[in-house]
>>> print(open('entry-v2.csv').read())   # CSV, C-alpha atoms
chain,number,residue,atom,x,y,z
A,1,MET,CA,-6.5,-1.6,-13.7
A,2,ILE,CA,-6.7,2.0,-12.5
A,3,ARG,CA,-9.1,2.8,-15.3
A,4,ILE,CA,-11.4,0.0,-14.0
A,5,VAL,CA,-11.3,1.3,-10.5
A,6,TRP,CA,-12.2,4.8,-11.7
A,7,ILE,CA,-15.2,3.5,-13.8
A,8,ILE,CA,-16.5,1.6,-10.8
A,9,LEU,CA,-16.0,4.6,-8.5
A,10,LEU,CA,-17.6,7.1,-10.8
A,11,ALA,CA,-20.4,5.1,-12.2
A,12,LEU,CA,-21.7,3.1,-9.3
A,13,PRO,CA,-22.7,5.9,-6.9
A,14,LEU,CA,-24.4,7.8,-9.8
A,15,GLU,CA,-26.5,4.8,-10.7
A,16,LEU,CA,-27.5,4.0,-7.2
A,17,MET,CA,-28.2,7.6,-6.2
A,18,GLY,CA,-31.1,7.5,-8.7
A,19,GLN,CA,-32.8,4.6,-7.1
A,20,GLY,CA,-31.8,5.1,-3.5
A,21,ARG,CA,-34.8,4.9,-1.2
A,22,ILE,CA,-33.1,5.1,2.2
A,23,THR,CA,-30.1,7.3,2.5
A,24,ASN,CA,-28.0,8.4,5.4
A,25,PHE,CA,-24.8,10.3,6.1
A,26,GLY,CA,-22.6,10.3,9.2
A,27,LEU,CA,-19.1,10.2,10.7
A,28,PHE,CA,-17.0,7.1,10.9
A,29,PRO,CA,-13.8,7.4,12.9
A,30,GLU,CA,-11.5,4.4,13.4
A,31,PHE,CA,-8.3,3.6,15.2
A,32,GLN,CA,-6.1,0.6,14.6
A,33,LEU,CA,-3.0,-0.6,16.4
A,34,GLY,CA,-0.8,-3.5,15.2
A,35,PHE,CA,2.2,-5.0,16.7
A,36,SER,CA,4.3,-8.2,16.7
A,37,ALA,CA,3.7,-10.3,19.9
A,38,ALA,CA,6.3,-13.0,18.9
A,39,GLU,CA,8.1,-14.0,15.8
A,40,ASN,CA,5.6,-14.3,13.1
A,41,LEU,CA,2.6,-13.6,15.4
A,42,LYS,CA,0.9,-10.3,14.9
A,43,ILE,CA,-1.8,-8.8,17.1
A,44,THR,CA,-4.1,-6.1,15.7
A,45,GLY,CA,-6.7,-4.2,17.7
A,46,LYS,CA,-9.2,-1.9,16.2
A,47,ILE,CA,-12.0,0.4,17.3
A,48,GLU,CA,-14.5,1.8,14.8
A,49,SER,CA,-17.6,3.8,15.5
A,50,GLN,CA,-20.5,5.1,13.3
A,51,HIS,CA,-22.2,8.3,14.2
A,52,GLY,CA,-25.2,9.3,12.1
A,53,LEU,CA,-26.0,12.9,11.3
A,54,VAL,CA,-28.8,12.7,8.8
A,55,ASP,CA,-31.4,10.2,7.5
A,56,LYS,CA,-33.6,10.5,4.5
A,57,VAL,CA,-36.4,8.1,3.4
A,58,SER,CA,-37.6,8.2,-0.2
A,59,GLN,CA,-39.4,11.6,-0.9
A,60,GLU,CA,-39.6,12.7,2.7
A,61,ARG,CA,-37.6,15.6,4.1
A,62,ALA,CA,-34.1,14.9,5.4
A,63,ASP,CA,-34.1,14.3,9.2
A,64,TRP,CA,-31.0,16.0,10.7
A,65,ALA,CA,-30.3,14.5,14.1
A,66,TYR,CA,-27.2,13.1,15.7
A,67,TYR,CA,-27.3,9.4,16.8
A,68,HIS,CA,-24.8,6.8,17.8
A,69,ASN,CA,-25.3,3.9,15.3
A,70,GLN,CA,-22.7,1.4,16.5
A,71,THR,CA,-19.2,0.9,17.9
A,72,ASP,CA,-17.1,-2.1,17.2
A,73,PHE,CA,-14.2,-3.4,19.2
A,74,GLN,CA,-12.1,-5.9,17.2
A,75,GLY,CA,-9.1,-8.0,18.1
A,76,PHE,CA,-7.1,-10.1,15.6
A,77,VAL,CA,-4.2,-12.6,15.8
A,78,GLY,CA,-2.4,-13.4,12.6
A,79,THR,CA,0.6,-15.1,11.1
A,80,SER,CA,2.4,-14.5,7.8
A,81,LEU,CA,3.0,-17.3,5.4
A,82,ASN,CA,5.5,-15.1,3.6
A,83,PRO,CA,5.8,-11.3,3.3
A,84,PHE,CA,2.8,-11.2,1.0
A,85,VAL,CA,0.3,-13.6,2.5
A,86,ALA,CA,-1.2,-13.6,6.0
A,87,ILE,CA,-3.8,-15.8,7.8
A,88,THR,CA,-5.8,-14.1,10.6
A,89,GLY,CA,-8.5,-14.9,13.1
A,90,GLY,CA,-10.4,-12.3,15.0
A,91,TYR,CA,-13.3,-11.5,17.4
A,92,GLN,CA,-15.6,-8.5,17.4
A,93,TYR,CA,-17.9,-7.1,20.1
A,94,ARG,CA,-20.4,-4.6,18.8
A,95,LEU,CA,-22.3,-2.0,20.8
A,96,GLU,CA,-25.4,-1.2,18.7
A,97,SER,CA,-28.0,1.4,19.4
A,98,GLY,CA,-31.5,0.1,19.2
A,99,SER,CA,-30.4,-3.6,19.1
A,100,ASP,CA,-28.8,-6.1,21.3
A,101,ASN,CA,-25.0,-6.1,21.4
A,102,SER,CA,-23.4,-8.9,19.3
A,103,HIS,CA,-20.4,-11.1,19.1
A,104,ARG,CA,-18.6,-12.0,15.8
A,105,ALA,CA,-16.0,-14.5,14.9
A,106,ILE,CA,-13.8,-13.6,11.9
A,107,GLN,CA,-11.4,-15.6,9.7
A,108,GLN,CA,-9.4,-14.1,6.8
A,109,ILE,CA,-6.6,-14.6,4.4
A,110,SER,CA,-5.0,-11.6,2.8
A,111,PHE,CA,-2.6,-11.2,-0.2
A,112,LEU,CA,-0.5,-8.2,-0.9
A,113,GLN,CA,0.6,-7.6,-4.5
A,114,ARG,CA,3.4,-5.1,-5.2
A,115,LYS,CA,3.2,-3.6,-8.6
A,116,GLY,CA,5.6,-1.1,-10.1
A,117,THR,CA,4.4,2.1,-8.5
A,118,TYR,CA,1.3,1.0,-6.5
A,119,GLN,CA,0.2,-1.9,-4.3
A,120,MET,CA,-2.9,-4.0,-4.3
A,121,GLY,CA,-4.5,-5.9,-1.5
A,122,HIS,CA,-6.9,-8.9,-1.7
A,123,ARG,CA,-8.8,-9.9,1.4
A,124,PHE,CA,-11.0,-13.0,1.7
A,125,ARG,CA,-13.0,-13.0,4.9
A,126,ALA,CA,-15.7,-15.2,6.5
A,127,ASP,CA,-17.5,-14.1,9.7
A,128,GLN,CA,-20.3,-15.4,11.9
A,129,THR,CA,-22.4,-13.1,14.0
A,130,PHE,CA,-24.1,-14.2,17.3
A,131,ALA,CA,-26.8,-12.0,18.8
A,132,PRO,CA,-29.3,-12.9,21.6
A,133,ASP,CA,-32.6,-14.3,20.3
A,134,GLU,CA,-31.4,-14.2,16.7
A,135,PRO,CA,-30.2,-17.0,14.3
A,136,VAL,CA,-26.5,-16.9,13.5
A,137,GLU,CA,-25.6,-14.7,10.5
A,138,TYR,CA,-22.9,-16.1,8.2
A,139,ARG,CA,-21.1,-13.8,5.7
A,140,LEU,CA,-18.5,-14.2,2.9
A,141,ARG,CA,-16.6,-11.1,1.8
A,142,TYR,CA,-14.0,-10.3,-0.7
A,143,GLN,CA,-12.2,-6.9,-0.7
A,144,ILE,CA,-9.9,-5.6,-3.4
A,145,SER,CA,-7.9,-2.4,-2.6
A,146,ILE,CA,-5.4,-0.3,-4.4
A,147,GLU,CA,-3.0,2.1,-2.8
A,148,ILE,CA,-1.4,4.7,-5.2
A,149,PRO,CA,1.4,7.1,-4.1
A,150,ILE,CA,0.9,10.6,-5.4
A,151,GLU,CA,4.4,12.0,-4.8
A,152,GLY,CA,7.1,9.9,-6.5
A,153,GLN,CA,7.1,6.3,-7.6
A,154,SER,CA,6.9,4.6,-4.2
A,155,LEU,CA,5.2,5.5,-1.0
A,156,ASP,CA,7.8,6.9,1.4
A,157,PRO,CA,7.3,8.4,4.9
A,158,GLY,CA,6.1,11.9,4.7
A,159,GLU,CA,4.1,11.3,1.5
A,160,PHE,CA,0.4,11.2,0.5
A,161,TYR,CA,-1.4,8.4,-1.3
A,162,LEU,CA,-4.8,7.6,-2.6
A,163,VAL,CA,-6.6,4.4,-1.6
A,164,PHE,CA,-9.6,2.9,-3.3
A,165,SER,CA,-11.4,-0.3,-2.3
A,166,ASP,CA,-14.5,-2.3,-3.1
A,167,GLU,CA,-16.0,-5.1,-1.1
A,168,PRO,CA,-19.0,-7.2,-2.0
A,169,ILE,CA,-20.5,-9.1,1.0
A,170,TYR,CA,-22.8,-12.1,0.8
A,171,SER,CA,-24.8,-12.9,3.9
A,172,ILE,CA,-27.1,-15.7,4.9
A,173,GLN,CA,-29.3,-15.9,8.0
A,174,SER,CA,-31.8,-18.7,8.5
A,175,GLY,CA,-32.0,-19.3,4.8
A,176,GLU,CA,-32.4,-15.7,3.7
A,177,SER,CA,-29.6,-14.2,1.6
A,178,GLY,CA,-28.4,-10.6,1.5
A,179,LEU,CA,-25.9,-8.6,-0.5
A,180,GLU,CA,-24.0,-5.5,0.4
A,181,ASN,CA,-21.3,-3.5,-1.4
A,182,ARG,CA,-18.8,-1.2,0.2
A,183,LEU,CA,-16.9,1.3,-1.8
A,184,VAL,CA,-14.2,3.4,-0.2
A,185,ALA,CA,-12.1,6.3,-1.7
A,186,ALA,CA,-9.7,8.1,0.6
A,187,LEU,CA,-6.7,10.3,0.8
A,188,GLY,CA,-3.9,9.0,3.1
A,189,HIS,CA,-0.6,10.0,4.5
A,190,LEU,CA,2.2,7.7,5.5
A,191,SER,CA,4.0,9.4,8.4
A,192,LYS,CA,7.2,8.6,10.1
A,193,GLY,CA,7.1,5.7,12.6
A,194,LYS,CA,4.9,3.4,10.4
A,195,GLN,CA,1.7,5.2,10.9
A,196,LYS,CA,-0.9,6.1,8.4
A,197,PHE,CA,-3.8,8.6,8.4
A,198,GLN,CA,-6.7,8.3,6.0
A,199,ALA,CA,-9.8,10.3,5.3
A,200,GLY,CA,-12.4,9.7,2.7
A,201,ILE,CA,-15.8,8.4,1.8
A,202,ASP,CA,-17.2,5.0,2.7
A,203,TYR,CA,-20.2,4.3,0.5
A,204,ARG,CA,-22.3,1.3,1.4
A,205,THR,CA,-25.3,-0.1,-0.4
A,206,ASP,CA,-27.4,-3.1,0.7
A,207,ARG,CA,-30.9,-4.6,0.7
A,208,PHE,CA,-30.5,-5.2,-3.1
A,209,PHE,CA,-33.1,-7.9,-2.9
A,210,ASP,CA,-35.6,-5.7,-1.0
A,211,ALA,CA,-37.9,-3.0,-2.3
A,212,ASP,CA,-36.1,-0.4,-0.2
A,213,LEU,CA,-32.5,-0.3,-1.3
A,214,ARG,CA,-30.4,1.3,1.3
A,215,GLN,CA,-27.4,3.5,0.8
A,216,ARG,CA,-25.2,4.7,3.6
A,217,THR,CA,-22.5,7.2,3.2
A,218,TRP,CA,-19.9,7.8,5.9
A,219,PHE,CA,-17.1,10.3,6.2
A,220,LYS,CA,-14.5,7.9,7.3
A,221,PHE,CA,-11.3,9.0,8.9
A,222,GLY,CA,-8.7,6.7,10.6
A,223,TRP,CA,-5.4,6.4,12.2
A,224,TYR,CA,-3.5,3.2,11.6
A,225,LEU,CA,-0.5,2.6,13.7
A,226,SER,CA,2.1,-0.3,13.5
A,227,LEU,CA,4.5,-0.7,16.3
B,1,MET,CA,-12.0,11.6,33.1
B,2,GLY,CA,-12.0,8.8,30.5
B,3,TRP,CA,-12.0,11.3,27.7
B,4,ARG,CA,-9.1,13.2,29.2
B,5,ILE,CA,-7.0,10.0,29.1
B,6,VAL,CA,-8.0,9.3,25.5
B,7,CYS,CA,-7.0,12.9,24.5
B,8,VAL,CA,-3.6,12.7,26.2
B,9,PHE,CA,-3.0,9.4,24.4
B,10,LEU,CA,-4.1,10.8,21.1
B,11,VAL,CA,-1.7,13.7,21.4
B,12,TRP,CA,1.4,11.9,22.8
B,13,VAL,CA,1.6,8.7,20.8
B,14,PRO,CA,2.1,10.4,17.4
B,15,LEU,CA,4.7,12.7,18.9
B,16,ALA,CA,6.6,9.7,20.5
B,17,VAL,CA,6.5,7.7,17.3
B,18,TYR,CA,7.5,10.7,15.2
B,19,GLY,CA,11.0,10.9,16.6
B,20,GLN,CA,12.1,7.3,15.9
B,21,GLU,CA,12.7,6.6,12.2
B,22,LYS,CA,15.3,7.7,9.7
B,23,VAL,CA,13.6,9.4,6.7
B,24,GLU,CA,14.1,7.8,3.3
B,25,ARG,CA,12.1,9.3,0.6
B,26,GLU,CA,11.9,10.0,-3.1
B,27,TYR,CA,9.6,12.6,-4.6
B,28,ARG,CA,8.9,14.3,-7.9
B,29,VAL,CA,10.6,17.6,-8.6
B,30,LYS,CA,10.3,20.1,-11.5
B,31,GLU,CA,13.0,20.1,-14.2
B,32,LYS,CA,14.0,23.7,-13.4
B,33,GLU,CA,14.8,22.7,-9.8
B,34,VAL,CA,17.6,20.3,-11.1
B,35,PRO,CA,21.1,21.8,-11.6
B,36,ALA,CA,21.8,22.8,-15.2
B,37,GLU,CA,24.9,20.6,-15.3
B,38,ALA,CA,22.8,17.5,-14.8
B,39,ARG,CA,20.3,18.4,-17.5
B,40,GLU,CA,23.1,19.2,-19.9
B,41,TRP,CA,24.9,15.9,-19.2
B,42,LEU,CA,21.7,14.0,-19.8
B,43,ASP,CA,21.0,15.9,-23.1
B,44,ASP,CA,24.6,15.0,-24.3
B,45,ALA,CA,24.6,11.4,-23.3
B,46,PHE,CA,21.0,10.4,-24.3
B,47,GLU,CA,20.3,12.3,-27.5
B,48,GLY,CA,16.7,11.9,-28.7
B,49,ARG,CA,15.4,10.5,-25.4
B,50,LYS,CA,11.8,11.0,-24.5
B,51,ARG,CA,10.3,13.0,-21.6
B,52,VAL,CA,12.3,12.8,-18.4
B,53,LYS,CA,10.7,12.5,-14.9
B,54,TRP,CA,12.9,14.1,-12.2
B,55,PHE,CA,13.0,13.0,-8.6
B,56,ARG,CA,14.8,14.0,-5.5
B,57,GLU,CA,16.0,11.2,-3.4
B,58,GLU,CA,17.0,11.3,0.3
B,59,THR,CA,18.5,8.2,1.7
B,60,SER,CA,20.4,7.9,5.0
B,61,GLY,CA,21.3,11.6,5.0
B,62,LYS,CA,22.5,11.6,1.4
B,63,SER,CA,20.5,13.6,-1.2
B,64,SER,CA,20.6,13.2,-4.9
B,65,PHE,CA,18.6,13.9,-8.1
B,66,GLU,CA,17.4,11.1,-10.3
B,67,ALA,CA,16.2,11.2,-13.9
B,68,LYS,CA,13.9,8.4,-15.0
B,69,PHE,CA,13.1,8.0,-18.7
B,70,THR,CA,12.8,5.5,-21.5
B,71,TRP,CA,15.6,5.2,-24.1
B,72,GLU,CA,15.9,2.7,-26.9
B,73,GLU,CA,13.0,0.8,-25.3
B,74,ALA,CA,14.6,0.4,-21.9
B,75,ALA,CA,13.8,2.1,-18.6
B,76,TYR,CA,16.7,4.2,-17.5
B,77,SER,CA,17.5,5.9,-14.2
B,78,VAL,CA,20.4,8.3,-13.9
B,79,GLU,CA,21.6,9.6,-10.5
B,80,PHE,CA,23.3,13.0,-10.0
B,81,ASP,CA,24.7,14.6,-6.8
B,82,LEU,CA,23.3,17.9,-5.7
B,83,SER,CA,25.9,19.9,-7.7
B,84,GLY,CA,24.7,18.1,-10.9
B,85,SER,CA,27.6,15.6,-11.3
B,86,VAL,CA,26.5,12.2,-12.6
B,87,GLU,CA,27.0,9.3,-10.2
B,88,ASP,CA,25.5,6.2,-11.8
B,89,ILE,CA,23.3,4.9,-14.6
B,90,GLU,CA,20.8,2.1,-14.1
B,91,ILE,CA,19.0,0.2,-16.8
B,92,GLN,CA,16.1,-2.1,-16.0
B,93,LYS,CA,16.5,-5.6,-17.5
B,94,ASN,CA,14.5,-8.8,-17.9
B,95,TRP,CA,16.0,-12.2,-17.0
B,96,GLU,CA,16.0,-13.1,-20.7
B,97,ASP,CA,18.2,-10.1,-21.5
B,98,LEU,CA,21.0,-11.4,-19.4
B,99,SER,CA,23.8,-13.5,-20.9
B,100,GLY,CA,23.7,-17.3,-20.5
B,101,LYS,CA,26.8,-17.3,-18.2
B,102,LEU,CA,25.4,-14.6,-16.0
B,103,ARG,CA,22.0,-16.4,-15.6
B,104,GLU,CA,23.9,-19.6,-14.8
B,105,ASN,CA,25.9,-17.9,-12.0
B,106,LEU,CA,22.8,-16.1,-10.6
B,107,GLY,CA,20.7,-19.3,-10.8
B,108,ALA,CA,23.4,-21.3,-9.0
B,109,TYR,CA,23.5,-18.7,-6.2
B,110,PHE,CA,19.7,-18.7,-5.8
B,111,ASP,CA,19.4,-22.5,-6.0
B,112,GLU,CA,22.1,-23.0,-3.4
B,113,ASN,CA,20.6,-20.5,-0.9
B,114,TYR,CA,16.9,-20.8,-1.4
B,115,SER,CA,14.5,-23.7,-1.8
B,116,LYS,CA,12.1,-21.3,-3.7
B,117,TRP,CA,13.0,-18.0,-5.3
B,118,ARG,CA,11.5,-15.5,-7.7
B,119,ILE,CA,13.1,-12.5,-9.4
B,120,GLU,CA,11.0,-9.3,-9.0
B,121,LYS,CA,13.3,-6.7,-10.7
B,122,ILE,CA,16.7,-6.5,-12.2
B,123,GLN,CA,18.8,-3.3,-12.7
B,124,LEU,CA,22.1,-3.1,-14.5
B,125,GLN,CA,24.2,-0.4,-12.8
B,126,TYR,CA,27.2,1.5,-14.3
B,127,SER,CA,29.1,3.7,-11.9
B,128,GLY,CA,32.3,5.8,-12.2
B,129,SER,CA,33.5,9.3,-12.4
B,130,PRO,CA,31.5,11.8,-14.6
B,131,ASP,CA,34.2,11.8,-17.3
B,132,ASP,CA,34.4,8.0,-17.4
B,133,LEU,CA,30.6,7.6,-17.5
B,134,GLU,CA,30.5,10.2,-20.4
B,135,ASP,CA,33.2,8.2,-22.3
B,136,PHE,CA,31.3,5.1,-21.7
B,137,MET,CA,28.1,6.5,-23.1
B,138,ASP,CA,29.8,8.1,-26.1
B,139,GLU,CA,32.3,5.6,-27.0
B,140,ASP,CA,31.5,2.4,-25.1
B,141,GLU,CA,34.8,2.9,-23.3
B,142,GLU,CA,34.7,0.7,-20.2
B,143,GLU,CA,37.8,2.0,-18.4
B,144,GLY,CA,37.0,3.2,-14.9
B,145,ILE,CA,33.4,1.8,-15.1
B,146,LEU,CA,32.1,-0.5,-12.4
B,147,THR,CA,29.4,-2.8,-13.6
B,148,ARG,CA,27.0,-4.4,-11.1
B,149,TYR,CA,23.5,-5.8,-10.9
B,150,GLU,CA,20.9,-4.8,-8.3
B,151,ILE,CA,18.4,-7.6,-8.1
B,152,GLU,CA,15.1,-7.5,-6.1
B,153,TYR,CA,14.0,-11.1,-5.4
B,154,TYR,CA,11.8,-13.2,-3.1
B,155,GLY,CA,13.6,-16.1,-1.5
B,156,GLU,CA,12.6,-18.9,0.9
B,157,GLY,CA,15.6,-20.4,2.6
B,158,GLY,CA,17.5,-21.0,5.9
B,159,ASP,CA,17.2,-17.3,6.8
B,160,GLY,CA,13.5,-17.2,6.4
B,161,LYS,CA,11.0,-16.0,3.7
B,162,HIS,CA,11.9,-12.5,2.6
B,163,LEU,CA,12.0,-10.0,-0.1
B,164,TRP,CA,15.7,-9.2,-0.8
B,165,GLU,CA,17.8,-6.7,-2.6
B,166,GLY,CA,21.0,-8.3,-3.7
B,167,THR,CA,24.0,-6.6,-5.3
B,168,PHE,CA,25.9,-8.8,-7.7
B,169,ASP,CA,29.1,-8.2,-9.7
B,170,LYS,CA,29.1,-8.3,-13.5
B,171,ASP,CA,29.6,-12.1,-13.5
B,172,GLY,CA,26.7,-12.7,-11.1
B,173,HIS,CA,28.5,-13.3,-7.8
B,174,LEU,CA,26.8,-11.8,-4.7
B,175,ILE,CA,28.5,-8.8,-3.1
B,176,ASP,CA,25.9,-8.0,-0.5
B,177,LYS,CA,22.2,-8.2,0.2
B,178,ARG,CA,19.6,-6.7,2.5
B,179,VAL,CA,16.0,-7.6,3.4
B,180,ILE,CA,13.5,-5.2,1.9
B,181,ILE,CA,11.1,-4.0,4.6
B,182,ILE,CA,7.6,-3.7,3.1
B,183,PRO,CA,5.8,-0.6,4.5
B,184,PRO,CA,2.8,-1.5,6.7
B,185,ALA,CA,-0.3,-2.3,4.6
B,186,ASP,CA,-2.6,-3.1,7.6
B,187,ASN,CA,-4.9,-0.3,6.4
B,188,LEU,CA,-5.8,-2.5,3.4
B,189,PHE,CA,-6.6,-5.6,5.4
B,190,PHE,CA,-8.4,-4.6,8.6
>>> encode(input="entry-v2.csv", output="structure tokens")
Amino acid sequence: MIRIVWIILLALPLELMGQGRITNFGLFPEFQLGFSAAENLKITGKIESQHGLVDKVSQERADWAYYHNQTDFQGFVGTSLNPFVAITGGYQYRLESGSDNSHRAIQQISFLQRKGTYQMGHRFRADQTFAPDEPVEYRLRYQISIEIPIEGQSLDPGEFYLVFSDEPIYSIQSGESGLENRLVAALGHLSKGKQKFQAGIDYRTDRFFDADLRQRTWFKFGWYLSL
Amino acid sequence: MGWRIVCVFLVWVPLAVYGQEKVEREYRVKEKEVPAEAREWLDDAFEGRKRVKWFREETSGKSSFEAKFTWEEAAYSVEFDLSGSVEDIEIQKNWEDLSGKLRENLGAYFDENYSKWRIEKIQLQYSGSPDDLEDFMDEDEEEGILTRYEIEYYGEGGDGKHLWEGTFDKDGHLIDKRVIIIPPADNLFF
């Protein structure tokens, strides 16, 4: 399994770098807070924000300039069917530079698999985005992730881990389909008090069906807190 | 003003959270960091074993060294105190490896207490004084040896749906159990 993740991780960006027509790089901080509101009712809040630093189109020179791309405010309510399976519904409000702000409804089911020394997550998500004067956009997403401790055989407080994930996203908006892929590789730290810190690369490719394939690379760093 | 509030929050929340939880951790150590007595005991008791991975374990204020290795096609884990004296030997087992009588008793316990259950991991544990454990390894001498099973299992029953760690005696009767708290994995799902 780990071998497959490595192959995807190493080969995919290389192949795509060669064909990339629109490229950008920026910073992507995120903060997440989860807590139990009642027995078996979990509330999760999240803020994530994308800040572009450089854009490059085809053979043109790189354009270095700071810009705010978007900031998302998300809220989720979830319930666990057992310690490994959870069903969650959520809402997102997006502030987007250069476009109207949007609303999004989110539904997901997640599965946690504990293997000998690592754990895997599977997330199936559907979402619907509503923006003024635009038809509704529907998306279906599947994310697979793997979290591997790098000190010892299990992840304990005070230890570092690696996390890799890949998520293909299919979208449809007034009959037009789109495909996006999101690959993440990060180094994380599980601290005391059920909090994790992660920093890594979030590599997104989309517009596969268009002439101008787009690749966006973000330096993503996050703080994930469970109370 | 808004940023000042955010900065104060960013600094204080981790500090406040930091003080709360008891540390339980296990991490890899180099062989030379392990007391010579522990290494020698292992060499005597498991002649011809393959490469050993050494870990240091800190649980509820108690520290120990743990050797993990494969021997005669089974996964072993041997625990030593900080002076290098052996404390217990654990061997990973499959359900099929257990005797018919033991499986019957364990199965009866699970069926009685859970509507649905699944075994995740079984460890056979031998504990005793260092001398008794050495005699046990060398001559199969069971005097002074306490035999138990540590079983990690998922169970759905009257007390909810949980992942459990149960300690059972050598005949498969429950001694005690605790719920295993799975570390937060929200970073994988949101």
>>> atom_distance(input="entry-v2.csv", atom1="CA of Phe130 in chain A", atom2="CA of Pro168 in chain A")
21.2 Å
>>> interface_residues(input="entry-v2.csv", of="chain A", to="chain B", cutoff="6 Å", atoms="all atoms listed in the file", output="PyMOL selection string")
chain A and resi 82+151-152+156+192-193
>>> atom_distance(input="entry-v2.csv", atom1="CA of Tyr114 in chain B", atom2="CA of Ile87 in chain A")
23.2 Å
>>> atom_distance(input="entry-v2.csv", atom1="CA of Lys56 in chain A", atom2="CA of Thr23 in chain A")
5.1 Å
>>> residues_around(input="entry-v2.csv", residues="Ile146 in chain A", least_positions_apart="3", cutoff="6 Å", atoms="all atoms listed in the file", output="number ranges by chain")
A: 119-120, 163-164
>>> residues_near_point(input="entry-v2.csv", point="(4.4, -17.1, 14.6)", cutoff="12 Å", atoms="only C-alpha atoms", output="PyMOL selection string")
chain A and resi 36-43+77-82+86-88
>>> closest_residue(input="entry-v2.csv", among="A:Ile109, A:Leu187, A:Val85, A:Leu162", to="Arg141 in chain A", atoms="only C-alpha atoms")
A:Ile109
>>> closest_residue(input="entry-v2.csv", among="A:Phe111, A:Trp64, A:Phe197, A:Phe76", to="Phe35 in chain A", atoms="only C-alpha atoms")
A:Phe76
>>> residues_near_point(input="entry-v2.csv", point="(-13.2, -10.1, 17.8)", cutoff="7 Å", atoms="all atoms listed in the file", output="PyMOL selection string")
chain A and resi 73-76+90-93+104-106
>>> residues_around(input="entry-v2.csv", residues="Ser49 in chain A", least_positions_apart="4", cutoff="10 Å", atoms="only C-alpha atoms", output="list of chain:residue names")
A:Leu27, A:Phe28, A:Pro29, A:Glu30, A:Phe31, A:His68, A:Asn69, A:Gln70, A:Thr71, A:Asp72, A:Phe73, A:Arg94, A:Leu95, A:Glu96, A:Lys220
>>> closest_residue(input="entry-v2.csv", among="A:Leu225, A:Ile150, A:Ala186, A:Ile22", to="Phe208 in chain A", atoms="only C-alpha atoms")
A:Ile22
>>> residues_around(input="entry-v2.csv", residues="Gln32 in chain A", least_positions_apart="3", cutoff="8 Å", atoms="all atoms listed in the file", output="VMD selection string")
chain A and resid 44 to 47 222 to 225
>>> residues_around(input="entry-v2.csv", residues="range 200-203 of chain A", least_positions_apart="2", cutoff="8 Å", atoms="all atoms listed in the file", output="VMD selection string")
chain A and resid 13 182 to 187 198 205 215 to 221
>>> residues_around(input="entry-v2.csv", residues="range 165-174 of chain B", least_positions_apart="6", cutoff="8 Å", atoms="only C-alpha atoms", output="VMD selection string")
chain B and resid 101 to 103 105 to 106 109 147 to 153 180
>>> closest_residue(input="entry-v2.csv", among="B:Ser83, B:Gln92, B:Ser60, B:Thr70", to="Gln125 in chain B", atoms="only C-alpha atoms")
B:Gln92
>>> closest_residue(input="entry-v2.csv", among="A:Gln128, A:Gln153, A:Gln143, A:Asn24", to="Ser110 in chain A", atoms="all atoms listed in the file")
A:Gln143
